[in-house]
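K.L.:
For reference, the file protein18.pdb (PDB, C-alpha atoms) is included below:
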ATOM      1  CA  MET A1282     258.966 161.557  93.990
ATOM      2  CA  LYS A1283     259.747 163.655  97.037
ATOM      3  CA  MET A1284     258.413 161.128  99.510
ATOM      4  CA  ASP A1285     260.075 158.293  97.655
ATOM      5  CA  PHE A1286     263.427 159.972  97.972
ATOM      6  CA  GLU A1287     263.002 160.615 101.682
ATOM      7  CA  ASP A1288     261.746 157.086 102.261
ATOM      8  CA  TYR A1289     264.733 155.758 100.411
ATOM      9  CA  LEU A1290     267.050 157.794 102.595
ATOM     10  CA  ARG A1291     265.241 156.525 105.661
ATOM     11  CA  ARG A1292     265.800 152.927 104.566
ATOM     12  CA  GLN A1293     269.543 153.350 104.876
ATOM     13  CA  SER A1294     270.307 151.902 108.247
ATOM     14  CA  ILE A1295     273.082 153.344 110.318
ATOM     15  CA  ARG A1296     275.554 150.722 111.437
ATOM     16  CA  PRO A1297     275.171 149.179 114.896
ATOM     17  CA  ILE A1298     277.048 150.425 117.888
ATOM     18  CA  PRO A1299     280.185 148.336 118.537
ATOM     19  CA  ALA A1300     279.330 145.610 121.043
ATOM     20  CA  PRO A1301     282.388 146.029 123.305
ATOM     21  CA  TRP A1302     281.379 149.605 124.011
ATOM     22  CA  ARG A1303     278.550 148.489 126.266
ATOM     23  CA  LYS A1304     280.844 146.929 128.813
ATOM     24  CA  GLU A1305     283.431 149.692 128.593
ATOM     25  CA  ILE A1306     281.013 152.592 128.846
ATOM     26  CA  LEU A1307     278.970 151.073 131.651
ATOM     27  CA  ARG A1308     282.111 150.229 133.595
ATOM     28  CA  ALA A1309     283.333 153.812 133.213
ATOM     29  CA  ALA A1310     279.949 155.184 134.235
ATOM     30  CA  ARG A1311     279.527 152.952 137.273
ATOM     31  CA  PRO A1312     279.818 154.791 140.599
ATOM     32  CA  GLN A1313     283.351 154.940 141.913
ATOM     33  CA  PRO A1314     284.303 152.735 144.903
ATOM     34  CA  GLN A1315     284.171 154.132 148.434
ATOM     35  CA  PRO A1316     286.965 156.498 149.420
ATOM     36  CA  GLN A1317     289.992 154.834 150.959
ATOM     37  CA  PRO A1318     291.159 155.306 154.547
ATOM     38  CA  ALA A1319     292.155 158.758 155.722
ATOM     39  CA  VAL A1320     295.877 158.038 155.724
ATOM     40  CA  SER A1321     295.799 157.013 152.106
ATOM     41  CA  SER A1322     293.719 160.034 151.131
ATOM     42  CA  TRP A1323     296.061 162.287 153.101
ATOM     43  CA  TRP A1324     298.994 160.888 151.170
ATOM     44  CA  ARG A1325     297.139 161.284 147.938
ATOM     45  CA  GLU A1326     296.230 164.881 148.736
ATOM     46  CA  TRP A1327     299.824 165.596 149.601
ATOM     47  CA  LEU A1328     301.320 163.978 146.544
ATOM     48  CA  TRP A1329     298.597 164.649 144.021
ATOM     49  CA  PRO A1330     299.335 168.270 143.108
ATOM     50  CA  CYS A1331     302.668 167.356 141.504
ATOM     51  CA  PRO A1332     303.279 163.592 141.368
ATOM     52  CA  ARG A1333     305.913 164.017 138.682
ATOM     53  CA  ALA A1334     307.873 166.437 140.820
ATOM     54  CA  TRP A1335     307.816 163.972 143.712
ATOM     55  CA  ALA A1336     308.874 161.149 141.443
ATOM     56  CA  GLY A1337     311.710 163.281 140.100
ATOM     57  CA  LEU A1338     312.843 164.139 143.612
ATOM     58  CA  ALA A1339     312.800 160.469 144.590
ATOM     59  CA  ALA A1340     314.811 159.591 141.491
ATOM     60  CA  ALA A1341     317.357 162.292 142.319
ATOM     61  CA  TRP A1342     317.783 160.937 145.837
ATOM     62  CA  ALA A1343     318.165 157.406 144.505
ATOM     63  CA  PHE A1344     320.822 158.644 142.089
ATOM     64  CA  ILE A1345     322.713 160.435 144.854
ATOM     65  CA  PHE A1346     322.572 157.331 147.057
ATOM     66  CA  LEU A1347     323.868 155.131 144.243
ATOM     67  CA  MET A1348     326.660 157.576 143.501
ATOM     68  CA  HIS A1349     327.580 157.544 147.163
ATOM     69  CA  LEU A1350     327.748 153.759 147.218
ATOM     70  CA  THR A1351     329.718 153.374 144.029
ATOM     71  CA  THR A1352     332.268 156.187 144.537
ATOM     72  CA  PRO A1353     335.507 154.986 146.381
ATOM     73  CA  ASP A1354     336.688 156.905 149.487
ATOM     74  CA  ASP A1355     339.137 159.673 148.684
ATOM     75  CA  PRO A1356     342.514 159.963 150.504
ATOM     76  CA  SER A1357     341.449 162.970 152.513
ATOM     77  CA  SER A1358     338.615 161.032 154.070
ATOM     78  CA  ARG A1359     341.020 158.152 154.892
ATOM     79  CA  GLN A1360     343.404 160.613 156.566
ATOM     80  CA  GLY A1361     340.547 161.977 158.575
ATOM     81  CA  GLY A1362     339.750 158.421 159.674
ATOM     82  CA  SER A1363     343.284 157.734 160.986
ATOM     83  CA  ALA A1364     343.289 161.099 162.722
ATOM     84  CA  SER A1365     340.112 160.230 164.478
ATOM     85  CA  LEU A1366     341.626 156.875 165.572
ATOM     86  CA  GLN A1367     344.576 158.667 167.074
ATOM     87  CA  SER A1368     342.267 161.039 168.881
ATOM     88  CA  PHE A1369     340.339 158.091 170.260
ATOM     89  CA  ALA A1370     343.492 156.394 171.597
ATOM     90  CA  PHE A1371     344.604 159.624 173.215
ATOM     91  CA  LEU A1372     341.208 160.059 174.786
ATOM     92  CA  GLN A1373     341.327 156.504 176.186
ATOM     93  CA  GLN A1374     344.715 157.141 177.710
ATOM     94  CA  GLU A1375     343.541 160.363 179.328
ATOM     95  CA  THR A1376     340.466 158.664 180.682
ATOM     96  CA  ALA A1377     342.576 155.927 182.283
ATOM     97  CA  ILE A1378     344.805 158.498 183.991
ATOM     98  CA  ILE A1379     341.850 160.470 185.299
ATOM     99  CA  ALA A1380     340.251 157.276 186.614
ATOM    100  CA  GLN A1381     343.463 156.339 188.351
ATOM    101  CA  LEU A1382     343.770 159.734 189.975
ATOM    102  CA  SER A1383     340.200 159.930 191.122
ATOM    103  CA  ALA A1384     340.074 156.400 192.618
ATOM    104  CA  PRO A1385     339.508 156.058 196.467
ATOM    105  CA  GLU A1386     342.487 155.731 198.799
ATOM    106  CA  ALA A1387     341.972 151.982 199.439
ATOM    107  CA  ASN A1388     342.118 151.168 195.807
ATOM    108  CA  ARG A1389     345.091 153.280 195.206
ATOM    109  CA  PRO A1390     348.328 151.298 195.132
ATOM    110  CA  ALA A1391     350.487 151.724 198.196
ATOM    111  CA  PRO A1392     353.295 154.176 197.811
ATOM    112  CA  PRO A1393     356.722 152.624 197.825
ATOM    113  CA  PRO A1394     358.288 152.418 201.356
ATOM    114  CA  PRO A1395     360.667 155.182 202.165
ATOM    115  CA  PRO A1396     364.283 154.174 202.238
ATOM    116  CA  ALA A1397     365.532 153.059 205.707
ATOM    117  CA  ALA A1398     367.061 155.858 207.738
ATOM    118  CA  THR A1399     370.716 155.450 208.285
ATOM    119  CA  LYS A1400     372.146 156.544 211.481
ATOM    120  CA  PRO A1401     374.961 158.928 211.304
ATOM    121  CA  ARG A1402     378.216 157.227 211.679
ATOM    122  CA  SER A1403     379.310 159.601 214.362
ATOM    123  CA  SER A1404     376.725 158.348 216.957
ATOM    124  CA  ARG A1405     377.673 154.662 216.463
ATOM    125  CA  ARG A1406     381.116 155.537 217.216
ATOM    126  CA  VAL A1407     380.063 157.100 220.480
ATOM    127  CA  LYS A1408     378.267 153.886 221.714
ATOM    128  CA  GLN A1409     381.264 151.740 221.042
ATOM    129  CA  SER A1410     383.472 153.980 222.916
ATOM    130  CA  ILE A1411     381.203 153.886 226.029
ATOM    131  CA  GLY A1412     380.898 150.117 226.027
TER
ATOM    132  CA  MET B1493     268.716 156.404 137.888
ATOM    133  CA  SER B1494     269.784 154.867 141.134
ATOM    134  CA  SER B1495     271.469 151.622 140.216
ATOM    135  CA  ALA B1496     273.723 149.946 137.720
ATOM    136  CA  THR B1497     270.751 147.913 136.474
ATOM    137  CA  ASN B1498     268.854 151.050 135.545
ATOM    138  CA  LEU B1499     271.896 152.389 133.764
ATOM    139  CA  GLU B1500     272.195 149.154 131.780
ATOM    140  CA  ARG B1501     268.543 149.329 130.844
ATOM    141  CA  LEU B1502     268.976 152.914 129.721
ATOM    142  CA  TYR B1503     271.948 151.880 127.606
ATOM    143  CA  ASP B1504     270.128 148.958 126.013
ATOM    144  CA  GLU B1505     267.118 151.076 125.128
ATOM    145  CA  HIS B1506     268.831 154.174 123.779
ATOM    146  CA  ALA B1507     272.515 153.621 123.051
ATOM    147  CA  GLN B1508     272.000 152.657 119.399
ATOM    148  CA  ALA B1509     270.014 155.796 118.626
ATOM    149  CA  LEU B1510     272.451 157.987 120.546
ATOM    150  CA  PHE B1511     275.376 156.359 118.765
ATOM    151  CA  ALA B1512     273.840 156.941 115.325
ATOM    152  CA  PHE B1513     273.077 160.586 116.106
ATOM    153  CA  ALA B1514     276.516 161.301 117.570
ATOM    154  CA  LEU B1515     278.310 159.470 114.747
ATOM    155  CA  ASN B1516     276.359 161.429 112.139
ATOM    156  CA  LEU B1517     277.251 164.698 113.847
ATOM    157  CA  LEU B1518     280.882 163.939 114.610
ATOM    158  CA  ARG B1519     281.836 161.534 111.795
ATOM    159  CA  HIS B1520     284.517 160.138 114.053
ATOM    160  CA  GLU B1521     284.178 156.870 115.928
ATOM    161  CA  ALA B1522     286.532 157.617 118.832
ATOM    162  CA  ASP B1523     284.898 161.005 119.435
ATOM    163  CA  THR B1524     281.489 159.347 119.306
ATOM    164  CA  ARG B1525     282.563 156.883 121.954
ATOM    165  CA  ASP B1526     283.882 159.702 124.130
ATOM    166  CA  VAL B1527     280.588 161.553 123.864
ATOM    167  CA  LEU B1528     278.550 158.477 124.773
ATOM    168  CA  GLN B1529     280.800 157.684 127.703
ATOM    169  CA  GLU B1530     280.601 161.255 128.946
ATOM    170  CA  LEU B1531     276.836 161.130 128.655
ATOM    171  CA  PHE B1532     276.468 157.928 130.677
ATOM    172  CA  ILE B1533     278.935 159.137 133.298
ATOM    173  CA  LYS B1534     276.881 162.302 133.632
ATOM    174  CA  VAL B1535     273.672 160.316 134.034
ATOM    175  CA  ALA B1536     275.259 157.934 136.555
ATOM    176  CA  ARG B1537     276.644 160.771 138.670
ATOM    177  CA  ASN B1538     273.431 162.777 138.626
ATOM    178  CA  PRO B1539     270.743 160.234 139.518
ATOM    179  CA  ARG B1540     268.077 162.933 139.537
ATOM    180  CA  LEU B1541     268.884 164.092 136.024
ATOM    181  CA  LEU B1542     266.113 161.989 134.516
ATOM    182  CA  GLU B1543     263.601 162.521 137.308
ATOM    183  CA  GLY B1544     260.359 163.898 135.893
ATOM    184  CA  VAL B1545     261.530 163.439 132.305
ATOM    185  CA  GLN B1546     258.861 161.668 130.282
ATOM    186  CA  ASP B1547     260.682 161.361 126.975
ATOM    187  CA  HIS B1548     264.010 159.817 127.930
ATOM    188  CA  ARG B1549     265.073 159.365 124.314
ATOM    189  CA  GLY B1550     264.477 163.016 123.432
ATOM    190  CA  PHE B1551     266.230 164.177 126.581
ATOM    191  CA  LEU B1552     269.276 161.977 125.936
ATOM    192  CA  LEU B1553     269.414 163.039 122.280
ATOM    193  CA  ARG B1554     269.491 166.632 123.453
ATOM    194  CA  LEU B1555     272.379 165.871 125.826
ATOM    195  CA  VAL B1556     274.262 164.075 123.056
ATOM    196  CA  HIS B1557     273.695 167.013 120.727
ATOM    197  CA  ASN B1558     275.088 169.468 123.288
ATOM    198  CA  LEU B1559     278.104 167.283 124.038
ATOM    199  CA  ALA B1560     278.783 166.736 120.338
ATOM    200  CA  ILE B1561     278.562 170.461 119.557
ATOM    201  CA  ASP B1562     280.957 171.200 122.421
ATOM    202  CA  LEU B1563     283.345 168.617 121.055
ATOM    203  CA  VAL B1564     283.091 170.013 117.518
ATOM    204  CA  ARG B1565     283.958 173.461 118.859
ATOM    205  CA  ARG B1566     286.898 172.129 120.854
ATOM    206  CA  ARG B1567     288.039 170.231 117.785
ATOM    207  CA  ALA B1568     287.819 173.393 115.674
ATOM    208  CA  ALA B1569     289.884 175.304 118.241
ATOM    209  CA  ARG B1570     292.402 172.474 118.305
ATOM    210  CA  ASP B1571     292.619 172.526 114.525
ATOM    211  CA  ARG B1572     293.116 176.294 114.539
ATOM    212  CA  LYS B1573     296.096 175.827 116.842
ATOM    213  CA  GLY B1574     297.679 173.701 114.152
ATOM    214  CA  GLU B1575     297.218 170.366 115.837
ATOM    215  CA  GLN B1576     296.330 167.421 113.737
ATOM    216  CA  ALA B1577     292.701 167.435 112.733
ATOM    217  CA  ALA B1578     290.633 164.423 113.687
ATOM    218  CA  ALA B1579     290.322 162.383 110.562
ATOM    219  CA  GLN B1580     286.916 161.045 109.646
ATOM    220  CA  GLU B1581     286.860 157.382 110.340
ATOM    221  CA  GLY B1582     284.370 154.569 110.329
ATOM    222  CA  ALA B1583     281.450 154.037 108.029
ATOM    223  CA  LEU B1584     278.190 155.730 108.928
ATOM    224  CA  PHE B1585     275.853 153.197 107.365
ATOM    225  CA  ALA B1586     275.674 149.451 107.752
ATOM    226  CA  ALA B1587     277.137 147.330 104.971
ATOM    227  CA  THR B1588     274.725 145.786 102.476
ATOM    228  CA  ASP B1589     274.920 142.956  99.960
ATOM    229  CA  SER B1590     273.893 145.118  97.032
ATOM    230  CA  PRO B1591     276.724 147.046  95.344
ATOM    231  CA  ASP B1592     274.281 149.764  94.255
ATOM    232  CA  GLU B1593     273.073 150.222  97.804
ATOM    233  CA  GLU B1594     276.650 150.296  98.974
ATOM    234  CA  VAL B1595     277.519 153.078  96.534
ATOM    235  CA  PHE B1596     274.410 155.026  97.441
ATOM    236  CA  ALA B1597     275.113 154.682 101.174
ATOM    237  CA  ALA B1598     278.671 155.914 100.713
ATOM    238  CA  SER B1599     277.471 158.861  98.643
ATOM    239  CA  LEU B1600     274.796 159.681 101.184
ATOM    240  CA  ALA B1601     277.316 159.609 104.013
ATOM    241  CA  GLU B1602     279.541 161.957 102.043
ATOM    242  CA  ALA B1603     276.667 164.281 101.230
ATOM    243  CA  LEU B1604     275.548 164.376 104.848
ATOM    244  CA  GLY B1605     279.072 165.280 105.838
ATOM    245  CA  GLU B1606     278.904 168.307 103.560
ATOM    246  CA  LEU B1607     275.815 169.658 105.326
ATOM    247  CA  PRO B1608     276.220 172.155 108.150
ATOM    248  CA  PRO B1609     275.936 170.386 111.524
ATOM    249  CA  ASP B1610     272.662 172.095 112.454
ATOM    250  CA  GLN B1611     270.996 170.909 109.217
ATOM    251  CA  ARG B1612     272.498 167.459 109.577
ATOM    252  CA  ALA B1613     271.085 167.168 113.090
ATOM    253  CA  VAL B1614     267.570 168.029 111.897
ATOM    254  CA  VAL B1615     267.775 165.592 108.968
ATOM    255  CA  HIS B1616     268.972 162.821 111.223
ATOM    256  CA  LEU B1617     266.267 163.319 113.810
ATOM    257  CA  LYS B1618     263.569 163.562 111.123
ATOM    258  CA  LEU B1619     264.661 160.643 108.975
ATOM    259  CA  TRP B1620     266.189 158.123 111.364
ATOM    260  CA  GLU B1621     264.517 159.036 114.660
ATOM    261  CA  ARG B1622     261.204 159.879 112.995
ATOM    262  CA  LEU B1623     260.636 162.866 115.258
ATOM    263  CA  THR B1624     258.121 165.578 114.440
ATOM    264  CA  PHE B1625     259.319 169.125 113.884
ATOM    265  CA  GLU B1626     257.962 170.009 117.319
ATOM    266  CA  GLN B1627     260.002 167.246 118.916
ATOM    267  CA  ILE B1628     263.073 168.219 116.922
ATOM    268  CA  ALA B1629     262.585 171.824 117.992
ATOM    269  CA  ALA B1630     262.418 170.778 121.641
ATOM    270  CA  THR B1631     265.475 168.582 121.306
ATOM    271  CA  LEU B1632     267.656 171.145 119.582
ATOM    272  CA  ASP B1633     266.236 174.147 121.408
ATOM    273  CA  ILE B1634     265.037 175.867 118.233
ATOM    274  CA  SER B1635     261.615 176.821 116.918
ATOM    275  CA  PRO B1636     259.563 174.310 114.882
ATOM    276  CA  ASN B1637     259.702 176.673 111.910
ATOM    277  CA  THR B1638     263.481 176.771 112.058
ATOM    278  CA  ALA B1639     263.573 172.985 112.265
ATOM    279  CA  ALA B1640     261.292 172.671 109.244
ATOM    280  CA  SER B1641     263.221 175.168 107.142
ATOM    281  CA  ARG B1642     266.560 173.552 107.978
ATOM    282  CA  TYR B1643     265.119 170.211 106.982
ATOM    283  CA  ARG B1644     263.873 171.503 103.632
ATOM    284  CA  TYR B1645     267.189 173.123 102.811
ATOM    285  CA  ALA B1646     269.061 169.977 103.723
ATOM    286  CA  ILE B1647     266.800 167.632 101.764
ATOM    287  CA  ASP B1648     267.062 169.859  98.673
ATOM    288  CA  LYS B1649     270.848 169.721  98.886
ATOM    289  CA  LEU B1650     270.838 165.955  99.325
ATOM    290  CA  ARG B1651     268.452 165.436  96.455
ATOM    291  CA  GLU B1652     270.536 167.571  94.160
ATOM    292  CA  ARG B1653     273.726 165.849  95.224
ATOM    293  CA  LEU B1654     272.379 162.301  95.008
ATOM    294  CA  ARG B1655     270.035 162.612  92.071
ATOM    295  CA  PRO B1656     272.290 160.870  89.505
ATOM    296  CA  ILE B1657     272.848 157.807  91.681
ATOM    297  CA  TYR B1658     269.286 157.733  92.916
ATOM    298  CA  ASP B1659     267.837 157.938  89.388
ATOM    299  CA  GLU B1660     270.150 155.179  88.287
ATOM    300  CA  ILE B1661     269.146 152.859  91.115
ATOM    301  CA  LYS B1662     265.442 153.588  90.877
TER
END
Could I get this structure in the form of structure tokens?
P.N.:
Amino acid sequence: MKMDFEDYLRRQSIRPIPAPWRKEILRAARPQPQPQPAVSSWWREWLWPCPRAWAGLAAAWAFIFLMHLTTPDDPSSRQGGSASLQSFAFLQQETAIIAQLSAPEANRPAPPPPPAATKPRSSRRVKQSIG
Amino acid sequence: MSSATNLERLYDEHAQALFAFALNLLRHEADTRDVLQELFIKVARNPRLLEGVQDHRGFLLRLVHNLAIDLVRRRAARDRKGEQAAAQEGALFAATDSPDEEVFAASLAEALGELPPDQRAVVHLKLWERLTFEQIAATLDISPNTAASRYRYAIDKLRERLRPIYDEIK
């Protein structure tokens, strides 16, 4: 009786291992590919400790950039722009004056001729009287 | 184990037995798969693991047993923390055409699940791996006497539990 019972238990066959497991398990167990170039591994080492933090930081920068692009300029920034234009024009004018002053003598425009000297009327009168 | 071919051969020769043992211990198909995968990864990454081992099957069964016990302990800790317990899933025995056999197999699977894991391991290795008590003792790292006594206790419980169905079938 005892052996019969144990033999009967032994006859119960445990179901077969699922066939797809073979491929999956062997693929997982296969040796990993060779390490990638040093640059890639350096990047991985740098980013690996907290990839989510890096991704979050990148997302924050992208958000800031988008906000910057989509937000219109405010009046104060426009005023600053016109002020800078005025400063630029003033600077150009000053530069032209300095260039004019520091140019060599030859290039400098000739000074206007002095007005012709008029003889005193008294001397003319003397010549006429002699003649 | 130095190549993928050797690993495939090892899988083809022993995976079914390792699967049956792990499934009987864990009673959970996904956990069983995890244990088998962990085992083969361990073997692949430690090519010298099987060097000098004459009884590959016994050695691998021992590794599966250790991995399964570790997983059972982790699962118990996880359950204590209030996380969802791993539900038993998947039939243990192959389907048969006979309804009586089907009922008996289901009852046997249930009765095995009620045994303590250390008794269940001995019963499995004795009945379905046909190991001697000395081999079971070496596999489970216990004495042959302990293996024999665990087996007797377990068989008595199974007989008592399954007697009505067994008497009806026979």
K.L.:
Could you list the residues in chain B lying within 7 Å of chain A, using all atoms listed in the file, and format the result as JSON, numbers by chain?
P.N.:
{"B": [1496, 1508, 1511, 1512, 1529, 1532, 1533, 1536, 1584, 1585, 1586, 1597, 1619, 1620]}
K.L.:
For a quick check of understanding, using all atoms listed in the file, which of B:Asn1538, B:Gln1627, B:Asn1498, B:Ser1599 has the smallest distance to Leu1654 in chain B?
P.N.:
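Of all the options, B:Ser1599 lies closest to Leu1654 in chain B.
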K.L.:
For CA of Lys1649 in chain B and CA of Ala1613 in chain B, determine how far apart the two atoms are, in Å to one decimal place.
P.N.:
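Rounded to one decimal, the two atoms are 14.4 Å apart.
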K.L.:
To one decimal place in Å, what is the distance between CA of Gln1367 in chain A and CA of Gln1381 in chain A?
P.N.:
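If I compute the distance from CA of Gln1367 in chain A to CA of Gln1381 in chain A, I get 21.4 Å.
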K.L.:
Taking all atoms listed in the file into account, name the residue in B:Val1556, B:Glu1500, B:Thr1624, B:Arg1566 that is nearest to Asn1637 in chain B.
P.N.:
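Looking at the shortest contact to Asn1637 in chain B, the residue is B:Thr1624.
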K.L.:
Kindly compute an axis-aligned box around the listed atoms of range 1283-1294 of chain A, allowing 6 Å on each side, and express its centre and edge lengths in Å to one decimal as lines of an AutoDock Vina configuration file.
P.N.:
center_x = 264.4
center_y = 157.8
center_z = 102.6
size_x = 23.9
size_y = 23.8
size_z = 23.2
K.L.:
Which protein, DNA or RNA residues are at most 10 Å from (268.6, 153.9, 120.2) in the file's coordinates when you count only C-alpha atoms, listed as a list of chain:residue names?
P.N.:
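Those residues lying close to the given coordinates are A:Pro1297, A:Ile1298, B:Leu1502, B:Tyr1503, B:Asp1504, B:Glu1505, B:His1506, B:Ala1507, B:Gln1508, B:Ala1509, B:Leu1510, B:Phe1511, B:Ala1512, B:Phe1513, B:Arg1549, B:Leu1552, B:Leu1553, B:Glu1621.
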K.L.:
What is the CA of Asp1610 in chain B to CA of Arg1525 in chain B distance in Å?
P.N.:
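Answer for the CA of Asp1610 in chain B to CA of Arg1525 in chain B separation: 20.5 Å.
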